[in-house]
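Source file data_27.cif; content: mmCIF, N, CA, C and O atoms.
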```
data_query
loop_
_atom_site.label_atom_id
_atom_site.label_comp_id
_atom_site.auth_asym_id
_atom_site.auth_seq_id
_atom_site.Cartn_x
_atom_site.Cartn_y
_atom_site.Cartn_z
N MET A 1 -177.16 -141.68 130.95
CA MET A 1 -176.51 -142.72 130.16
C MET A 1 -175.94 -142.15 128.86
O MET A 1 -174.86 -142.54 128.44
N LEU A 2 -176.71 -141.25 128.22
CA LEU A 2 -176.23 -140.64 126.99
C LEU A 2 -174.93 -139.87 127.23
O LEU A 2 -174.00 -139.95 126.44
N ALA A 3 -174.91 -139.13 128.32
CA ALA A 3 -173.71 -138.35 128.65
C ALA A 3 -172.51 -139.25 128.93
O ALA A 3 -171.37 -138.83 128.76
N ALA A 4 -172.77 -140.49 129.32
CA ALA A 4 -171.70 -141.45 129.59
C ALA A 4 -171.24 -142.14 128.31
O ALA A 4 -170.31 -142.93 128.34
N GLY A 5 -171.91 -141.84 127.19
CA GLY A 5 -171.50 -142.42 125.91
C GLY A 5 -172.21 -143.71 125.54
O GLY A 5 -171.82 -144.39 124.61
N VAL A 6 -173.29 -144.03 126.27
CA VAL A 6 -174.05 -145.24 125.95
C VAL A 6 -174.84 -145.00 124.66
O VAL A 6 -175.40 -143.93 124.45
N ASP A 7 -174.85 -145.99 123.79
CA ASP A 7 -175.53 -145.89 122.51
C ASP A 7 -177.01 -145.57 122.70
O ASP A 7 -177.66 -146.07 123.62
N ILE A 8 -177.55 -144.74 121.81
CA ILE A 8 -178.95 -144.29 121.91
C ILE A 8 -179.92 -145.46 121.89
O ILE A 8 -180.96 -145.42 122.55
N LYS A 9 -179.61 -146.54 121.17
CA LYS A 9 -180.50 -147.70 121.13
C LYS A 9 -180.59 -148.38 122.49
O LYS A 9 -181.65 -148.82 122.91
N VAL A 10 -179.46 -148.46 123.16
CA VAL A 10 -179.43 -149.07 124.49
C VAL A 10 -180.22 -148.20 125.47
O VAL A 10 -181.03 -148.71 126.26
N VAL A 11 -179.99 -146.91 125.41
CA VAL A 11 -180.71 -145.98 126.30
C VAL A 11 -182.21 -146.07 126.05
O VAL A 11 -183.02 -146.16 126.98
N SER A 12 -182.58 -146.06 124.78
CA SER A 12 -183.99 -146.12 124.40
C SER A 12 -184.65 -147.39 124.93
O SER A 12 -185.74 -147.35 125.51
N GLY A 13 -183.98 -148.53 124.76
CA GLY A 13 -184.51 -149.80 125.25
C GLY A 13 -184.60 -149.85 126.76
O GLY A 13 -185.59 -150.34 127.33
N THR A 14 -183.58 -149.31 127.43
CA THR A 14 -183.57 -149.31 128.89
C THR A 14 -184.71 -148.47 129.45
O THR A 14 -185.33 -148.84 130.46
N LEU A 15 -184.99 -147.35 128.79
CA LEU A 15 -186.07 -146.47 129.25
C LEU A 15 -187.45 -146.95 128.82
O LEU A 15 -188.46 -146.38 129.21
N GLY A 16 -187.50 -147.99 127.98
CA GLY A 16 -188.77 -148.53 127.54
C GLY A 16 -189.41 -147.76 126.39
O GLY A 16 -190.60 -147.91 126.13
N HIS A 17 -188.59 -146.96 125.71
CA HIS A 17 -189.11 -146.22 124.55
C HIS A 17 -189.24 -147.17 123.37
O HIS A 17 -188.37 -148.01 123.13
N SER A 18 -190.33 -147.03 122.62
CA SER A 18 -190.55 -147.92 121.48
C SER A 18 -189.69 -147.54 120.28
O SER A 18 -189.52 -148.35 119.37
N ASP A 19 -189.13 -146.34 120.29
CA ASP A 19 -188.35 -145.87 119.15
C ASP A 19 -187.27 -144.90 119.66
O ASP A 19 -187.51 -144.16 120.62
N THR A 20 -186.12 -144.92 119.02
CA THR A 20 -185.05 -144.01 119.45
C THR A 20 -185.42 -142.54 119.21
O THR A 20 -184.86 -141.66 119.86
N ARG A 21 -186.38 -142.28 118.33
CA ARG A 21 -186.81 -140.89 118.11
C ARG A 21 -187.42 -140.30 119.38
O ARG A 21 -187.25 -139.12 119.66
N ILE A 22 -188.13 -141.13 120.13
CA ILE A 22 -188.71 -140.66 121.40
C ILE A 22 -187.58 -140.24 122.34
O ILE A 22 -187.64 -139.18 122.97
N THR A 23 -186.56 -141.06 122.43
CA THR A 23 -185.42 -140.75 123.29
C THR A 23 -184.73 -139.49 122.82
O THR A 23 -184.42 -138.60 123.63
N ARG A 24 -184.49 -139.38 121.51
CA ARG A 24 -183.83 -138.18 120.98
C ARG A 24 -184.66 -136.94 121.23
O ARG A 24 -184.13 -135.90 121.62
N ASP A 25 -185.96 -137.01 120.99
CA ASP A 25 -186.83 -135.85 121.20
C ASP A 25 -186.88 -135.44 122.66
O ASP A 25 -186.89 -134.25 122.99
N THR A 26 -186.90 -136.42 123.55
CA THR A 26 -187.00 -136.14 124.99
C THR A 26 -185.69 -135.59 125.55
O THR A 26 -185.70 -134.69 126.38
N TYR A 27 -184.58 -136.12 125.09
CA TYR A 27 -183.29 -135.77 125.67
C TYR A 27 -182.40 -135.02 124.68
O TYR A 27 -181.18 -135.12 124.73
N GLN A 28 -182.99 -134.23 123.82
CA GLN A 28 -182.23 -133.50 122.80
C GLN A 28 -181.17 -132.61 123.42
O GLN A 28 -180.08 -132.48 122.89
N TYR A 29 -181.47 -132.00 124.56
CA TYR A 29 -180.48 -131.11 125.20
C TYR A 29 -179.22 -131.87 125.57
O TYR A 29 -178.12 -131.34 125.50
N VAL A 30 -179.36 -133.13 125.98
CA VAL A 30 -178.18 -133.94 126.31
C VAL A 30 -177.40 -134.23 125.04
O VAL A 30 -176.17 -134.14 125.03
N LEU A 31 -178.11 -134.55 123.97
CA LEU A 31 -177.44 -134.84 122.71
C LEU A 31 -176.72 -133.60 122.17
O LEU A 31 -175.63 -133.70 121.61
N ASP A 32 -177.33 -132.42 122.35
CA ASP A 32 -176.67 -131.18 121.94
C ASP A 32 -175.37 -130.97 122.71
O ASP A 32 -174.35 -130.57 122.14
N ASP A 33 -175.40 -131.24 124.01
CA ASP A 33 -174.19 -131.11 124.83
C ASP A 33 -173.12 -132.10 124.38
O ASP A 33 -171.94 -131.77 124.32
N LEU A 34 -173.55 -133.32 124.05
CA LEU A 34 -172.59 -134.33 123.58
C LEU A 34 -171.98 -133.92 122.26
O LEU A 34 -170.77 -134.10 122.04
N ALA A 35 -172.78 -133.36 121.37
CA ALA A 35 -172.27 -132.90 120.08
C ALA A 35 -171.28 -131.76 120.28
O ALA A 35 -170.23 -131.71 119.62
N ARG A 36 -171.57 -130.85 121.19
CA ARG A 36 -170.66 -129.74 121.47
C ARG A 36 -169.35 -130.27 122.05
O ARG A 36 -168.27 -129.84 121.65
N ASP A 37 -169.44 -131.21 122.97
CA ASP A 37 -168.23 -131.81 123.56
C ASP A 37 -167.40 -132.50 122.49
O ASP A 37 -166.17 -132.38 122.48
N ALA A 38 -168.06 -133.22 121.59
CA ALA A 38 -167.34 -133.91 120.52
C ALA A 38 -166.63 -132.90 119.62
O ALA A 38 -165.47 -133.10 119.23
N ALA A 39 -167.31 -131.81 119.29
CA ALA A 39 -166.71 -130.78 118.44
C ALA A 39 -165.49 -130.16 119.12
O ALA A 39 -164.47 -129.91 118.47
N GLU A 40 -165.59 -129.91 120.42
CA GLU A 40 -164.47 -129.34 121.15
C GLU A 40 -163.28 -130.29 121.18
O GLU A 40 -162.13 -129.86 121.09
N LYS A 41 -163.54 -131.57 121.28
CA LYS A 41 -162.45 -132.56 121.27
C LYS A 41 -161.77 -132.60 119.91
O LYS A 41 -160.54 -132.74 119.83
N VAL A 42 -162.54 -132.48 118.84
CA VAL A 42 -161.96 -132.47 117.50
C VAL A 42 -161.09 -131.23 117.32
O VAL A 42 -160.00 -131.30 116.76
N VAL A 43 -161.56 -130.10 117.82
CA VAL A 43 -160.79 -128.86 117.72
C VAL A 43 -159.44 -129.01 118.42
O VAL A 43 -158.43 -128.49 117.94
N GLN A 44 -159.41 -129.74 119.51
CA GLN A 44 -158.15 -129.94 120.23
C GLN A 44 -157.16 -130.77 119.42
O GLN A 44 -155.96 -130.65 119.62
N LEU A 45 -157.65 -131.57 118.49
CA LEU A 45 -156.78 -132.39 117.66
C LEU A 45 -156.14 -131.59 116.53
O LEU A 45 -155.08 -131.94 116.03
N VAL A 46 -156.79 -130.51 116.13
CA VAL A 46 -156.31 -129.70 115.02
C VAL A 46 -155.29 -128.71 115.54
O VAL A 46 -155.54 -128.01 116.51
N PRO A 47 -154.14 -128.62 114.87
CA PRO A 47 -153.12 -127.67 115.34
C PRO A 47 -153.66 -126.24 115.30
O PRO A 47 -154.32 -125.84 114.34
N GLN A 48 -153.39 -125.48 116.35
CA GLN A 48 -153.87 -124.11 116.44
C GLN A 48 -152.96 -123.11 115.72
O GLN A 48 -153.39 -122.07 115.30
N VAL A 49 -151.68 -123.43 115.61
CA VAL A 49 -150.72 -122.52 115.01
C VAL A 49 -150.28 -123.10 113.67
O VAL A 49 -149.87 -124.25 113.59
N ARG A 50 -150.39 -122.27 112.65
CA ARG A 50 -149.95 -122.73 111.34
C ARG A 50 -148.44 -122.53 111.21
O ARG A 50 -147.91 -121.53 111.67
N LYS A 51 -147.81 -123.46 110.54
CA LYS A 51 -146.40 -123.31 110.24
C LYS A 51 -146.26 -122.31 109.10
O LYS A 51 -147.08 -122.31 108.17
N PRO A 52 -145.26 -121.46 109.15
CA PRO A 52 -145.11 -120.49 108.06
C PRO A 52 -144.79 -121.22 106.75
O PRO A 52 -144.08 -122.22 106.73
N LEU A 53 -145.35 -120.69 105.67
CA LEU A 53 -145.09 -121.27 104.37
C LEU A 53 -143.69 -120.89 103.91
O LEU A 53 -143.21 -119.78 104.18
N ALA A 54 -143.04 -121.79 103.20
CA ALA A 54 -141.72 -121.49 102.66
C ALA A 54 -141.87 -120.43 101.57
O ALA A 54 -142.81 -120.46 100.79
N ALA A 55 -140.95 -119.51 101.54
CA ALA A 55 -141.00 -118.44 100.53
C ALA A 55 -140.68 -119.02 99.16
O ALA A 55 -139.75 -119.80 99.00
N VAL A 56 -141.46 -118.62 98.19
CA VAL A 56 -141.24 -119.05 96.81
C VAL A 56 -140.87 -117.81 96.02
O VAL A 56 -141.60 -116.82 96.02
N PRO A 57 -139.73 -117.82 95.32
CA PRO A 57 -139.34 -116.62 94.56
C PRO A 57 -140.34 -116.32 93.45
O PRO A 57 -140.88 -117.23 92.83
N ASP A 58 -140.59 -115.07 93.24
CA ASP A 58 -141.49 -114.62 92.19
C ASP A 58 -140.69 -114.55 90.89
O ASP A 58 -140.01 -113.56 90.61
N VAL A 59 -140.75 -115.60 90.10
CA VAL A 59 -139.95 -115.71 88.89
C VAL A 59 -140.31 -114.62 87.89
O VAL A 59 -139.43 -114.01 87.28
N ALA A 60 -141.56 -114.32 87.71
CA ALA A 60 -141.98 -113.30 86.74
C ALA A 60 -141.41 -111.94 87.12
O ALA A 60 -140.94 -111.19 86.28
N ARG A 61 -141.43 -111.60 88.39
CA ARG A 61 -140.92 -110.30 88.86
C ARG A 61 -139.41 -110.22 88.63
O ARG A 61 -138.89 -109.20 88.22
N GLN A 62 -138.70 -111.31 88.86
CA GLN A 62 -137.25 -111.32 88.66
C GLN A 62 -136.90 -111.15 87.18
O GLN A 62 -135.96 -110.48 86.83
N GLN A 63 -137.71 -111.73 86.29
CA GLN A 63 -137.45 -111.62 84.86
C GLN A 63 -137.67 -110.20 84.37
O GLN A 63 -136.92 -109.72 83.52
N THR A 64 -138.67 -109.48 84.85
CA THR A 64 -138.93 -108.12 84.42
C THR A 64 -137.89 -107.17 84.94
O THR A 64 -137.54 -106.18 84.29
N ARG A 65 -137.29 -107.44 86.08
CA ARG A 65 -136.23 -106.59 86.62
C ARG A 65 -134.95 -106.70 85.81
O ARG A 65 -134.23 -105.76 85.62
N SER A 66 -134.65 -107.92 85.33
CA SER A 66 -133.41 -108.14 84.61
C SER A 66 -133.50 -107.71 83.14
O SER A 66 -132.52 -107.59 82.46
N ALA A 67 -134.71 -107.46 82.64
CA ALA A 67 -134.87 -107.09 81.23
C ALA A 67 -134.61 -105.63 80.97
O ALA A 67 -134.45 -104.78 81.66
#
```
Would you mind writing the file's structure down as structure tokens?
Amino acid sequence: MLAAGVDIKVVSGTLGHSDTRITRDTYQYVLDDLARDAAEKVVQLVPQVRKPLAAVPDVARQQTRSA
């Protein structure tokens, strides 16, 4: 159920656990996998290639050349 995205409270109640900590402690490996999957999905949202920055002229360098 956790892997299907069911809330931990619902899973805990369905399994008859008196507290969600019992569920988390028992099924931590599933929660770790869910966290990893979530992180991978977030990474897919972030652009992998950066756009090149626009060149900014070095004003100080240009002033020393002309002096």
Inset, instruction - Using the chain letters and residue numbers of this document, give as JSON, numbers by chain the residues selected by the PyMOL selection byres (((chain A and resi 2-5 and name CA) around 9) and name CA). - result: {"A": [1, 6, 7, 8, 11, 27, 30, 31, 33, 34]}
Legend entry - Å distance separating atom N of Thr23 in chain A from CA of Val10 in chain A, one decimal place: 10.9 Å
Inset, instruction - Enter the distance from CA of Ala39 in chain A to CA of Arg24 in chain A, in Å, rounded to one decimal. - result: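 CA of Ala39 in chain A sits 18.8 Å away from CA of Arg24 in chain A.
Separating atom N of Thr26 in chain A from atom N of Ala38 in chain A is a distance of 19.2 Å.
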